[in-house]
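Below is input10.cif, holding mmCIF, C-alpha atoms.
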data_upload
#
loop_
_atom_site.label_atom_id
_atom_site.label_comp_id
_atom_site.auth_asym_id
_atom_site.auth_seq_id
_atom_site.Cartn_x
_atom_site.Cartn_y
_atom_site.Cartn_z
CA MET X 1 0.00 0.00 0.00
CA GLU X 2 1.18 3.50 -0.77
CA ARG X 3 2.11 5.72 2.15
CA VAL X 4 2.22 9.46 2.49
CA PRO X 5 5.64 10.66 3.69
CA VAL X 6 5.78 12.79 6.86
CA LEU X 7 8.73 15.20 6.90
CA LYS X 8 10.05 17.00 9.96
CA ILE X 9 11.26 20.52 9.23
CA GLY X 10 12.27 22.55 12.28
CA GLU X 11 9.40 22.40 14.72
CA ILE X 12 6.88 21.42 12.06
CA LEU X 13 5.76 18.18 10.48
CA LEU X 14 5.09 18.65 6.77
CA VAL X 15 2.80 16.23 4.94
CA SER X 16 2.46 16.74 1.21
CA ILE X 17 -0.16 14.44 -0.27
CA GLN X 18 0.81 13.59 -3.84
CA ILE X 19 -1.25 10.45 -4.35
CA ASP X 20 -4.96 9.70 -4.52
CA MET X 21 -6.37 9.66 -1.02
CA GLU X 22 -7.97 6.26 -0.73
CA ASP X 23 -9.61 5.46 2.57
CA GLN X 24 -6.81 3.12 3.69
CA VAL X 25 -4.15 5.71 2.84
CA ALA X 26 -6.00 8.35 4.84
CA LEU X 27 -6.32 6.09 7.88
CA GLN X 28 -2.65 5.09 7.66
CA LEU X 29 -1.65 8.77 7.50
CA GLN X 30 -3.75 9.47 10.60
CA GLU X 31 -1.86 6.79 12.55
CA ASP X 32 1.58 7.72 11.21
CA LEU X 33 1.06 11.37 12.08
CA ALA X 34 -0.04 10.69 15.64
CA GLU X 35 3.06 8.54 16.19
CA ARG X 36 5.41 11.12 14.65
CA ILE X 37 3.95 13.96 16.72
CA VAL X 38 4.57 12.02 19.91
CA ALA X 39 8.04 10.91 18.78
CA THR X 40 9.22 14.36 17.69
CA GLY X 41 7.24 16.61 20.03
CA VAL X 42 6.52 19.17 17.34
CA ARG X 43 4.02 22.01 17.85
CA GLY X 44 2.68 22.28 14.33
CA VAL X 45 1.51 20.08 11.44
CA ILE X 46 1.06 21.28 7.87
CA ILE X 47 -0.90 19.12 5.43
CA ASP X 48 -0.48 20.19 1.81
CA ILE X 49 -3.37 19.05 -0.39
CA SER X 50 -2.55 21.18 -3.44
CA ALA X 51 -2.11 18.06 -5.57
CA LEU X 52 -5.52 16.65 -4.66
CA ASP X 53 -8.23 16.90 -7.31
CA ILE X 54 -10.87 15.29 -5.16
CA VAL X 55 -11.58 15.60 -1.47
CA ASP X 56 -14.55 13.42 -0.54
CA SER X 57 -16.42 13.43 2.73
CA PHE X 58 -14.29 10.61 4.15
CA VAL X 59 -11.03 12.45 3.47
CA GLY X 60 -12.60 15.62 4.86
CA ARG X 61 -13.58 13.80 8.03
CA THR X 62 -10.14 12.20 8.33
CA LEU X 63 -8.51 15.62 8.07
CA ALA X 64 -10.79 16.84 10.87
CA THR X 65 -9.86 13.81 12.99
CA ILE X 66 -6.16 14.41 12.37
CA ALA X 67 -6.62 18.02 13.50
CA SER X 68 -8.41 16.93 16.68
CA VAL X 69 -5.87 14.22 17.48
CA SER X 70 -2.91 16.53 17.02
CA ARG X 71 -4.60 19.22 19.11
CA VAL X 72 -4.82 16.68 21.96
CA LEU X 73 -1.09 16.13 21.45
CA ASP X 74 -0.52 19.92 21.61
CA ALA X 75 0.18 20.46 17.94
CA GLU X 76 -1.83 22.77 15.66
CA THR X 77 -2.80 21.47 12.23
CA VAL X 78 -3.11 23.68 9.16
CA VAL X 79 -4.43 22.31 5.86
CA VAL X 80 -2.90 24.27 2.99
CA GLY X 81 -3.22 24.60 -0.77
CA MET X 82 -6.80 23.53 -1.33
CA ARG X 83 -7.71 24.03 -4.98
CA PRO X 84 -10.61 26.32 -5.90
CA ALA X 85 -12.47 23.46 -7.61
CA VAL X 86 -12.15 21.33 -4.47
CA ALA X 87 -13.39 24.17 -2.27
CA ILE X 88 -16.39 24.80 -4.54
CA THR X 89 -17.29 21.10 -4.56
CA LEU X 90 -17.07 20.88 -0.78
CA VAL X 91 -19.32 23.93 -0.42
CA GLU X 92 -21.84 22.49 -2.88
CA LEU X 93 -21.83 19.26 -0.85
CA GLY X 94 -22.43 21.28 2.29
CA LEU X 95 -19.16 20.26 3.92
CA SER X 96 -17.43 23.18 5.58
CA LEU X 97 -14.77 21.10 7.42
CA PRO X 98 -15.34 22.63 10.85
CA GLY X 99 -12.39 22.51 13.21
CA ILE X 100 -9.82 22.59 10.42
CA ARG X 101 -7.60 25.62 10.01
CA THR X 102 -6.62 26.44 6.46
CA ALA X 103 -4.11 28.61 4.61
CA LEU X 104 -3.56 29.35 0.95
CA ASN X 105 -0.07 27.87 0.69
CA VAL X 106 2.69 26.29 2.75
CA ASP X 107 4.33 29.66 3.31
CA LEU X 108 1.23 31.22 4.82
CA GLY X 109 0.58 28.04 6.77
CA ILE X 110 4.00 28.24 8.44
CA ALA X 111 3.43 31.95 9.13
CA MET X 112 0.08 31.10 10.72
CA LEU X 113 1.66 28.52 13.01
CA ALA X 114 4.49 30.91 13.84
CA ARG X 115 2.03 33.65 14.82
CA GLN X 116 0.19 31.64 17.42
CA ASP X 117 3.27 29.96 18.77
CA GLU X 118 5.42 33.01 19.29
CA ASP X 119 7.52 31.62 22.11
CA ILE X 120 8.77 28.78 19.94
CA ASP X 121 10.86 29.77 16.94
CA LEU X 122 9.63 27.54 14.13
CA LEU X 123 12.08 27.40 11.23
CA GLY X 124 13.60 30.64 12.50
CA TYR X 125 10.41 32.41 11.42
CA GLU X 126 9.92 35.77 13.05
CA ASP X 127 6.49 37.23 13.44
CA ASP X 128 6.50 39.63 10.53
CA THR X 129 3.94 42.11 11.82
CA ASP X 130 6.61 44.27 13.47
CA GLN X 131 8.86 44.73 10.51
CA VAL X 132 6.17 45.55 7.99
CA ALA X 133 6.92 48.69 6.02
CA GLU X 134 5.10 51.78 7.15
CA THR X 135 1.97 52.17 5.11
CA THR X 136 1.71 55.63 3.69
CA PRO X 137 -1.34 57.11 1.99
CA MET G 1 -47.50 24.57 -53.94
CA PRO G 2 -44.10 24.45 -55.60
CA LEU G 3 -43.26 26.43 -58.69
CA SER G 4 -43.36 24.31 -61.87
CA PRO G 5 -40.31 24.54 -64.17
CA ASP G 6 -42.04 26.54 -66.89
CA GLU G 7 -43.65 28.89 -64.35
CA ALA G 8 -40.19 29.46 -62.94
CA SER G 9 -38.70 30.21 -66.34
CA ARG G 10 -41.64 32.51 -67.24
CA PHE G 11 -41.00 34.55 -64.10
CA ALA G 12 -37.26 34.52 -64.74
CA VAL G 13 -37.96 36.16 -68.08
CA LEU G 14 -40.41 38.59 -66.50
CA LEU G 15 -37.88 39.62 -63.83
CA GLU G 16 -35.21 40.00 -66.49
CA SER G 17 -37.20 42.05 -68.99
CA ASN G 18 -38.56 44.47 -66.38
CA ALA G 19 -35.36 44.61 -64.35
CA GLU G 20 -35.12 48.37 -63.80
CA SER G 21 -38.78 49.26 -63.25
CA LEU G 22 -39.19 46.29 -60.91
CA ALA G 23 -36.17 47.19 -58.80
CA ALA G 24 -37.27 50.81 -58.61
CA ARG G 25 -40.83 49.96 -57.55
CA TRP G 26 -39.58 47.30 -55.12
CA SER G 27 -37.14 49.60 -53.36
CA GLU G 28 -39.85 52.28 -53.20
CA LEU G 29 -42.25 49.88 -51.48
CA ALA G 30 -39.59 48.49 -49.15
CA GLY G 31 -38.36 52.00 -48.35
CA ALA G 32 -41.81 53.19 -47.27
CA GLY G 33 -41.67 51.10 -44.11
CA LEU G 34 -38.08 52.02 -43.26
CA ARG G 35 -38.86 55.71 -42.76
CA GLY G 36 -35.64 56.93 -44.29
CA ARG G 37 -33.26 55.02 -42.08
CA LEU G 38 -31.63 53.51 -45.15
CA SER G 39 -30.63 55.73 -48.06
CA GLY G 40 -32.55 55.32 -51.33
CA ALA G 41 -29.41 54.47 -53.27
CA GLU G 42 -28.39 51.83 -50.76
CA LEU G 43 -31.86 50.27 -50.83
CA LEU G 44 -31.93 50.31 -54.64
CA ARG G 45 -28.58 48.53 -54.74
CA GLN G 46 -29.88 45.88 -52.35
CA THR G 47 -33.09 45.28 -54.30
CA ARG G 48 -31.13 45.12 -57.58
CA ASP G 49 -28.88 42.43 -56.08
CA LEU G 50 -31.89 40.57 -54.71
CA ARG G 51 -33.73 40.79 -58.02
CA THR G 52 -30.71 39.33 -59.81
CA ALA G 53 -30.54 36.54 -57.25
CA PHE G 54 -34.28 35.77 -57.62
CA GLN G 55 -34.01 35.86 -61.39
CA GLN G 56 -31.01 33.54 -61.45
CA ALA G 57 -32.63 31.11 -59.04
CA LEU G 58 -35.80 30.98 -61.13
CA ALA G 59 -33.83 30.67 -64.37
CA ALA G 60 -32.00 27.69 -62.86
CA GLY G 61 -35.41 26.11 -62.25
CA ALA G 62 -35.70 26.48 -58.49
CA ALA G 63 -39.09 25.24 -57.32
CA ASP G 64 -38.47 26.16 -53.71
CA VAL G 65 -36.15 28.41 -51.70
CA ASN G 66 -34.47 25.34 -50.20
CA ASP G 67 -33.53 23.97 -53.65
CA GLU G 68 -29.96 23.54 -54.78
CA ALA G 69 -30.56 26.09 -57.55
CA ALA G 70 -31.51 28.79 -55.01
CA ALA G 71 -28.28 28.60 -52.97
CA GLU G 72 -27.10 32.02 -54.15
CA LEU G 73 -30.51 33.53 -53.35
CA ARG G 74 -30.39 32.08 -49.85
CA ALA G 75 -26.92 33.55 -49.32
CA GLN G 76 -28.18 36.98 -50.43
CA LEU G 77 -31.24 36.75 -48.16
CA SER G 78 -29.26 35.76 -45.10
CA GLU G 79 -26.75 38.53 -45.72
CA LEU G 80 -29.60 41.02 -45.99
CA SER G 81 -31.22 39.83 -42.79
CA SER G 82 -28.00 39.71 -40.81
CA ASN G 83 -27.18 43.26 -41.90
CA ARG G 84 -30.66 44.45 -40.97
CA ALA G 85 -30.51 42.67 -37.62
CA ARG G 86 -27.18 44.29 -36.76
CA GLN G 87 -28.41 47.72 -37.85
CA GLY G 88 -31.34 47.38 -35.47
CA PHE G 89 -34.23 47.04 -37.94
CA SER G 90 -37.29 45.19 -36.72
CA ALA G 91 -38.33 41.77 -38.00
CA THR G 92 -41.34 43.25 -39.86
CA GLU G 93 -39.21 45.86 -41.60
CA THR G 94 -36.81 43.15 -42.73
CA ALA G 95 -39.54 40.81 -43.96
CA ILE G 96 -41.30 43.62 -45.87
CA SER G 97 -38.14 44.13 -47.92
CA VAL G 98 -38.80 40.69 -49.39
CA PHE G 99 -42.61 40.75 -49.43
CA ALA G 100 -42.56 43.98 -51.45
CA LEU G 101 -41.39 41.93 -54.44
CA LYS G 102 -44.92 40.48 -54.73
CA GLU G 103 -46.57 43.84 -55.08
CA ALA G 104 -43.90 45.09 -57.48
CA THR G 105 -44.34 41.98 -59.64
CA LEU G 106 -48.12 42.42 -59.67
CA GLN G 107 -47.68 45.92 -61.06
CA VAL G 108 -45.30 44.70 -63.72
CA LEU G 109 -47.81 42.02 -64.73
CA GLY G 110 -50.16 44.92 -65.46
CA ASP G 111 -53.82 44.15 -66.07
CA ALA G 112 -53.48 40.63 -67.39
CA ASP G 113 -56.54 38.98 -65.88
CA ASP G 114 -56.57 35.50 -67.37
CA ALA G 115 -56.68 32.51 -65.03
CA ALA G 116 -53.30 31.16 -66.15
CA THR G 117 -51.46 34.33 -65.16
CA LEU G 118 -53.29 34.33 -61.86
CA ARG G 119 -52.27 30.73 -61.14
CA ASP G 120 -48.67 31.57 -62.05
CA TYR G 121 -48.77 34.54 -59.75
CA VAL G 122 -50.13 32.53 -56.81
CA ALA G 123 -47.33 29.96 -57.20
CA PHE G 124 -44.74 32.73 -57.47
CA SER G 125 -46.23 34.43 -54.45
CA ALA G 126 -45.85 31.23 -52.42
CA PHE G 127 -42.21 31.12 -53.53
CA VAL G 128 -41.63 34.67 -52.29
CA ASP G 129 -43.42 33.84 -49.02
CA ARG G 130 -41.02 31.01 -48.36
CA ALA G 131 -38.11 33.28 -49.23
CA ALA G 132 -39.41 35.81 -46.70
CA LEU G 133 -39.81 33.09 -44.07
CA PHE G 134 -36.23 32.07 -44.70
CA THR G 135 -35.18 35.70 -44.25
CA PHE G 136 -37.13 35.84 -41.02
CA ASP G 137 -35.45 32.68 -39.75
CA SER G 138 -31.97 33.98 -40.45
CA TYR G 139 -32.91 37.33 -38.91
CA VAL G 140 -33.88 35.56 -35.68
CA ARG G 141 -30.72 33.46 -35.76
CA VAL G 142 -28.52 36.53 -36.07
CA ARG G 143 -30.44 38.28 -33.28
CA GLU G 144 -30.01 35.30 -30.98
CA ALA G 145 -26.30 35.13 -31.76
CA LEU G 146 -26.04 38.85 -30.97
CA ILE G 147 -27.79 38.37 -27.63
CA SER G 148 -25.66 35.44 -26.55
CA ASP G 149 -22.50 37.30 -27.58
CA GLN G 150 -23.53 40.26 -25.50
CA ALA G 151 -24.35 38.08 -22.50
CA GLU G 152 -20.91 36.53 -22.76
CA GLN G 153 -19.23 39.93 -23.01
CA LEU G 154 -21.21 41.11 -20.01
CA LEU G 155 -20.00 38.11 -18.06
CA GLU G 156 -16.42 38.88 -19.05
CA LEU G 157 -16.37 42.57 -18.31
CA SER G 158 -18.34 42.64 -15.13
CA THR G 159 -16.21 40.47 -12.87
CA PRO G 160 -12.74 41.89 -12.37
CA VAL G 161 -10.70 40.90 -9.34
CA VAL G 162 -8.43 43.75 -8.30
CA LYS G 163 -5.50 43.84 -5.94
CA LEU G 164 -6.05 46.48 -3.28
CA TRP G 165 -3.00 46.00 -1.11
CA GLU G 166 -0.29 43.48 -0.54
CA GLY G 167 -2.25 40.35 0.35
CA VAL G 168 -5.68 41.95 -0.15
CA VAL G 169 -7.82 41.48 -3.26
CA ALA G 170 -11.26 42.95 -3.94
CA VAL G 171 -14.18 42.03 -6.20
CA PRO G 172 -16.38 45.03 -6.99
CA LEU G 173 -19.66 43.39 -7.99
CA VAL G 174 -21.77 45.38 -10.44
CA GLY G 175 -25.23 44.34 -11.61
CA THR G 176 -27.57 41.56 -10.67
CA LEU G 177 -26.01 38.31 -9.53
CA ASP G 178 -27.55 35.25 -11.14
CA SER G 179 -26.25 31.72 -10.75
CA ALA G 180 -24.05 31.82 -13.86
CA ARG G 181 -22.40 35.10 -12.87
CA ALA G 182 -22.01 34.05 -9.27
CA GLN G 183 -20.23 30.92 -10.44
CA VAL G 184 -17.83 32.93 -12.61
CA VAL G 185 -17.16 35.40 -9.79
CA MET G 186 -16.53 32.59 -7.32
CA GLU G 187 -14.14 30.73 -9.60
CA ARG G 188 -12.23 33.83 -10.58
CA LEU G 189 -11.91 35.08 -7.01
CA LEU G 190 -10.70 31.73 -5.68
CA GLN G 191 -8.23 31.34 -8.53
CA THR G 192 -6.87 34.84 -7.87
CA LEU G 193 -6.45 33.99 -4.18
CA VAL G 194 -4.31 31.00 -5.15
CA ASP G 195 -2.35 32.89 -7.80
CA THR G 196 -1.54 35.89 -5.62
CA GLY G 197 -1.43 34.10 -2.26
CA SER G 198 -3.66 36.79 -0.76
CA PRO G 199 -5.15 35.75 2.57
CA TYR G 200 -7.84 38.46 2.45
CA ALA G 201 -10.60 39.14 -0.04
CA ILE G 202 -13.16 41.94 0.01
CA ILE G 203 -16.45 41.44 -1.82
CA ASP G 204 -17.94 44.85 -2.53
CA ILE G 205 -21.65 44.81 -3.35
CA THR G 206 -22.17 48.55 -3.82
CA GLY G 207 -23.16 47.93 -7.45
CA VAL G 208 -25.62 45.14 -6.74
CA PRO G 209 -29.10 46.66 -7.06
CA ALA G 210 -30.93 44.13 -4.87
CA VAL G 211 -29.98 41.33 -2.53
CA ASP G 212 -32.46 38.49 -2.22
CA THR G 213 -31.98 35.14 -0.53
CA GLN G 214 -30.49 33.66 -3.69
CA VAL G 215 -27.86 36.37 -4.13
CA ALA G 216 -27.01 36.10 -0.44
CA GLN G 217 -26.69 32.35 -0.84
CA HIS G 218 -24.19 32.82 -3.70
CA ILE G 219 -22.13 35.28 -1.67
CA LEU G 220 -22.15 33.03 1.38
CA LYS G 221 -20.99 30.06 -0.71
CA THR G 222 -18.09 32.10 -2.06
CA VAL G 223 -17.09 33.15 1.44
CA VAL G 224 -17.21 29.58 2.77
CA ALA G 225 -15.20 28.28 -0.20
CA ALA G 226 -12.57 30.97 0.34
CA ARG G 227 -12.43 30.02 4.03
CA LEU G 228 -11.89 26.39 3.14
CA MET G 229 -8.90 27.49 1.12
CA GLY G 230 -7.56 29.53 4.00
CA ALA G 231 -8.57 33.06 3.01
CA ASP G 232 -10.85 35.44 4.88
CA CYS G 233 -13.65 37.30 3.12
CA ILE G 234 -15.16 40.63 4.11
CA ILE G 235 -18.40 41.89 2.57
CA SER G 236 -18.53 45.64 2.03
CA GLY G 237 -20.65 48.26 0.31
CA ILE G 238 -23.93 47.36 1.99
CA ARG G 239 -26.36 50.20 1.37
CA PRO G 240 -29.02 51.09 3.95
CA GLN G 241 -31.93 49.60 1.97
CA ILE G 242 -29.93 46.43 1.35
CA ALA G 243 -29.24 46.12 5.07
CA GLN G 244 -33.00 46.50 5.69
CA THR G 245 -33.79 43.76 3.16
CA ILE G 246 -31.16 41.43 4.57
CA VAL G 247 -32.65 41.74 8.04
CA ALA G 248 -36.23 41.52 6.75
CA LEU G 249 -35.42 38.33 4.84
CA GLY G 250 -33.73 36.86 7.90
CA ILE G 251 -30.45 36.24 6.09
CA GLU G 252 -27.71 35.30 8.55
CA PHE G 253 -24.18 36.28 7.67
CA GLY G 254 -22.96 34.58 10.84
CA ASP G 255 -19.39 35.43 11.73
CA ILE G 256 -18.60 36.91 8.33
CA ALA G 257 -17.36 40.48 8.69
CA THR G 258 -19.60 43.04 6.97
CA LYS G 259 -18.66 46.69 6.49
CA ALA G 260 -20.56 49.66 5.14
CA SER G 261 -17.90 50.84 2.75
CA LEU G 262 -14.88 49.52 0.92
CA ALA G 263 -12.66 51.91 2.88
CA ASP G 264 -13.92 50.49 6.18
CA ALA G 265 -13.25 46.97 4.94
CA LEU G 266 -9.72 47.84 3.87
CA ARG G 267 -9.01 49.53 7.19
CA TYR G 268 -10.35 46.45 9.01
CA VAL G 269 -8.13 44.10 6.99
CA LEU G 270 -5.04 46.25 7.42
CA GLY G 271 -5.77 46.38 11.14
CA LYS G 272 -5.92 42.59 11.24
CA THR G 273 -2.61 42.25 9.43
CA GLY G 274 -1.05 44.78 11.78
CA LYS G 275 -0.50 47.43 9.11
CA ARG G 276 -1.81 50.77 10.24
CA PRO G 277 -3.05 53.04 7.46
CA VAL G 278 -2.35 56.72 8.00
CA ARG G 279 -5.43 58.87 7.67
#
Would you put the structure from the file into structure tokens?
Amino acid sequence: MERVPVLKIGEILLVSIQIDMEDQVALQLQEDLAERIVATGVRGVIIDISALDIVDSFVGRTLATIASVSRVLDAETVVVGMRPAVAITLVELGLSLPGIRTALNVDLGIAMLARQDEDIDLLGYEDDTDQVAETTP
Amino acid sequence: MPLSPDEASRFAVLLESNAESLAARWSELAGAGLRGRLSGAELLRQTRDLRTAFQQALAAGAADVNDEAAAELRAQLSELSSNRARQGFSATETAISVFALKEATLQVLGDADDAATLRDYVAFSAFVDRAALFTFDSYVRVREALISDQAEQLLELSTPVVKLWEGVVAVPLVGTLDSARAQVVMERLLQTLVDTGSPYAIIDITGVPAVDTQVAQHILKTVVAARLMGADCIISGIRPQIAQTIVALGIEFGDIATKASLADALRYVLGKTGKRPVR
């Protein structure tokens, strides 16, 4: 069976799903992630679904479960890179994936994790709100 | 009843021998209904061309407008109707341009009152009727094409997504939102969010004349889809009457931020990102 790789980068686990999410794959990922969070003690998980054409209700529910499980283990989950077509389909199906935090891309996902976890320096990311250029009229 | 071969050839000869007087009378009759919107010379040129086409079709033995022999005539008729449709003439005015041939022919026939001539004329008249029906059909086709083109252009031009600030895009909605437009707006907005990586989008509905439950539903869907992708949407440009309608209809925007003006929305977003605009 195919497996989704889980990469540790700094204080973050990065999961980039590049294969079709069959039910077994999703369940395996859920188990793998829980084990890796405990083993590494990270504070954030980023799941990149930008390669996914289809997100069905099962995958949606699995993502929600992953988010809940990692929250119990003190790690925040951000799902990033959802395609417009996927988002539209989910809305049409009436699935709004409650409890899942999302960001447009991996970059913004890391920034989001960094913002809420200011005491821990993820990837050497600084909170960028201080150094933003002065906005002039 | 279809035109018999010798009837067709008789009328071909008639159209040929009275070419000038026929064309003159025809354009006069056709011009009466157009109230001077087409110049006399232009109309005369058109009727001359049409007369030639009719004459050639009849000489080739066309029994009906849909015959092989009348292909050139059909081309002329559809060109005429498409021109008229584009110039904004009505269907009646276009059809009269063809029907006038009957009256012009009757005058050329003079006071021949034998039964044979009458029978010929009735058959010829039926031929012209079918030609006029064909004209009418192509007129309608051109009109429909015009309408669908315009609808498409409207769809194109009315849904721009503009970048307001670093990380902030806006969609100024103008005009009524139906399902097709809402779909286009949604797709374009979401795609722009991905392309620019903007975490904030402002939907400005200043230009939307009325908000009913359906329009609200479309907007809400867009907001939820954007949220799923990790972007936040703010709705701005809500006019007083629209706010009244929204409340009266019991539409719930839930935790979606709504602002009265685009400026307020931008200030709100900049505040959230920690950038402080200077007044």
Report task. Could you state which residues are captured by the PyMOL selection byres ((chain X and resi 26) around 9) in this file, as a VMD selection string? Result -> chain X and resid 3 to 4 21 to 25 27 to 31 58 to 59 62 to 63
Requested in this report: Quick one: pull the distance between atom CA of X:Thr65 and atom CA of X:Ser50, Å, one decimal.
Outcome: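 Atom CA of X:Ser50 lies at a distance of 19.4 Å from atom CA of X:Thr65.
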Requested in this report: Determine, counting all atoms listed in the file, which protein, DNA and RNA residues have an atom within 9 Å of an atom of G:Ala70; residues of the same chain fewer than 3 positions away are not included. Present the result as a list in words.
Outcome: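 In the requested form, the answer reads Ala53, Phe54, Gln56, Ala57, Leu58, Ala60, Gly61, Ala62, Ala63, Asp64, Val65, Asn66, Asp67, Leu73, Arg74 and Ala75 of chain G.
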Box along x, y and z, 8 Å on every side, all listed atoms of stretch 139-151 of chain G inside: centre and edge lengths in Å to one decimal, as lines of an AutoDock Vina configuration file.
center_x = -28.2
center_y = 36.9
center_z = -30.7
size_x = 27.4
size_y = 22.8
size_z = 32.4
Evaluating the PyMOL selection byres ((chain G) within 8 of (chain X)) on the displayed file yields which residues, as a CSV table (one decimal) with C-alpha atoms, in the coordinates of the input?
chain,number,residue,atom,x,y,z
G,187,GLU,CA,-14.1,30.7,-9.6
G,190,LEU,CA,-10.7,31.7,-5.7
G,191,GLN,CA,-8.2,31.3,-8.5
G,193,LEU,CA,-6.4,34.0,-4.2
G,194,VAL,CA,-4.3,31.0,-5.2
G,197,GLY,CA,-1.4,34.1,-2.3
G,198,SER,CA,-3.7,36.8,-0.8
G,199,PRO,CA,-5.2,35.8,2.6
G,221,LYS,CA,-21.0,30.1,-0.7
G,222,THR,CA,-18.1,32.1,-2.1
G,224,VAL,CA,-17.2,29.6,2.8
G,225,ALA,CA,-15.2,28.3,-0.2
G,226,ALA,CA,-12.6,31.0,0.3
G,227,ARG,CA,-12.4,30.0,4.0
G,228,LEU,CA,-11.9,26.4,3.1
G,229,MET,CA,-8.9,27.5,1.1
G,230,GLY,CA,-7.6,29.5,4.0
G,231,ALA,CA,-8.6,33.1,3.0
G,273,THR,CA,-2.6,42.2,9.4
G,274,GLY,CA,-1.0,44.8,11.8
G,275,LYS,CA,-0.5,47.4,9.1
G,276,ARG,CA,-1.8,50.8,10.2
G,277,PRO,CA,-3.0,53.0,7.5
G,278,VAL,CA,-2.4,56.7,8.0
G,279,ARG,CA,-5.4,58.9,7.7
Selection result of the PyMOL selection byres ((chain G and resi 155) around 12) on this file, as a PDB file with C-alpha atoms, in the frame of the given file:
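Resulting contents of part09.pdb:
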ATOM      1  CA  SER G 148     -25.660  35.440 -26.550  1.00  0.00           C
ATOM      2  CA  ASP G 149     -22.500  37.300 -27.580  1.00  0.00           C
ATOM      3  CA  GLN G 150     -23.530  40.260 -25.500  1.00  0.00           C
ATOM      4  CA  ALA G 151     -24.350  38.080 -22.500  1.00  0.00           C
ATOM      5  CA  GLU G 152     -20.910  36.530 -22.760  1.00  0.00           C
ATOM      6  CA  GLN G 153     -19.230  39.930 -23.010  1.00  0.00           C
ATOM      7  CA  LEU G 154     -21.210  41.110 -20.010  1.00  0.00           C
ATOM      8  CA  GLU G 156     -16.420  38.880 -19.050  1.00  0.00           C
ATOM      9  CA  LEU G 157     -16.370  42.570 -18.310  1.00  0.00           C
ATOM     10  CA  SER G 158     -18.340  42.640 -15.130  1.00  0.00           C
ATOM     11  CA  THR G 159     -16.210  40.470 -12.870  1.00  0.00           C
ATOM     12  CA  PRO G 160     -12.740  41.890 -12.370  1.00  0.00           C
ATOM     13  CA  LEU G 173     -19.660  43.390  -7.990  1.00  0.00           C
ATOM     14  CA  VAL G 174     -21.770  45.380 -10.440  1.00  0.00           C
ATOM     15  CA  GLY G 175     -25.230  44.340 -11.610  1.00  0.00           C
ATOM     16  CA  THR G 176     -27.570  41.560 -10.670  1.00  0.00           C
ATOM     17  CA  LEU G 177     -26.010  38.310  -9.530  1.00  0.00           C
ATOM     18  CA  ASP G 178     -27.550  35.250 -11.140  1.00  0.00           C
ATOM     19  CA  SER G 179     -26.250  31.720 -10.750  1.00  0.00           C
ATOM     20  CA  ALA G 180     -24.050  31.820 -13.860  1.00  0.00           C
ATOM     21  CA  ARG G 181     -22.400  35.100 -12.870  1.00  0.00           C
ATOM     22  CA  ALA G 182     -22.010  34.050  -9.270  1.00  0.00           C
ATOM     23  CA  GLN G 183     -20.230  30.920 -10.440  1.00  0.00           C
ATOM     24  CA  VAL G 184     -17.830  32.930 -12.610  1.00  0.00           C
ATOM     25  CA  VAL G 185     -17.160  35.400  -9.790  1.00  0.00           C
ATOM     26  CA  ARG G 188     -12.230  33.830 -10.580  1.00  0.00           C
TER      27      ARG G 188
END
**Report entry** Two-atom distance - atom CA of G:Val211, atom CA of G:Arg267 (Å)
**Finding:** 24.5 Å
Query raised in the report: Interatomic distance between atom CA of G:Leu15 and atom CA of G:Arg51?
Result: 7.2 Å
Query raised in the report: Nearest to G:Arg239: which of G:Thr206, G:Tyr268, G:Ser97, G:Asp212 is it, counting all atoms listed in the file?
Result: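 Under the stated criterion, the closest residue is G:Thr206.
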Query raised in the report: So, counting all atoms listed in the file, which residue among G:Ser39, G:Ser125, G:Ser261, G:Thr245 is closest to G:Ile202?
Result: G:Ser261
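Distances here use only C-alpha atoms; by that measure, the residue among G:Thr47, G:Ser236, G:Gln107, G:Thr92 closest to G:Leu133 is G:Thr92.
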**Report entry** Distance query G:Arg86 at most 9 Å, all atoms listed in the file, self and fewer than 4 positions along chain excluded, as a PyMOL selection string
**Finding:** chain G and resi 81-82+142-143+146
Report task. List the neighbours of stretch 246-255 of chain G out to 12 Å using all atoms listed in the file; skip same-chain residues closer than 6 positions along the sequence, and give me the result as a PyMOL selection string. Result -> chain G and resi 210-221+223-224+227+232-235+238-240
Query - stretch 32-49 of chain X environment, 7 Å, only C-alpha atoms, sequence neighbours closer than 6 positions dropped, as a ChimeraX atom specification - result: /X:11-17,70,74-82,106,109,113
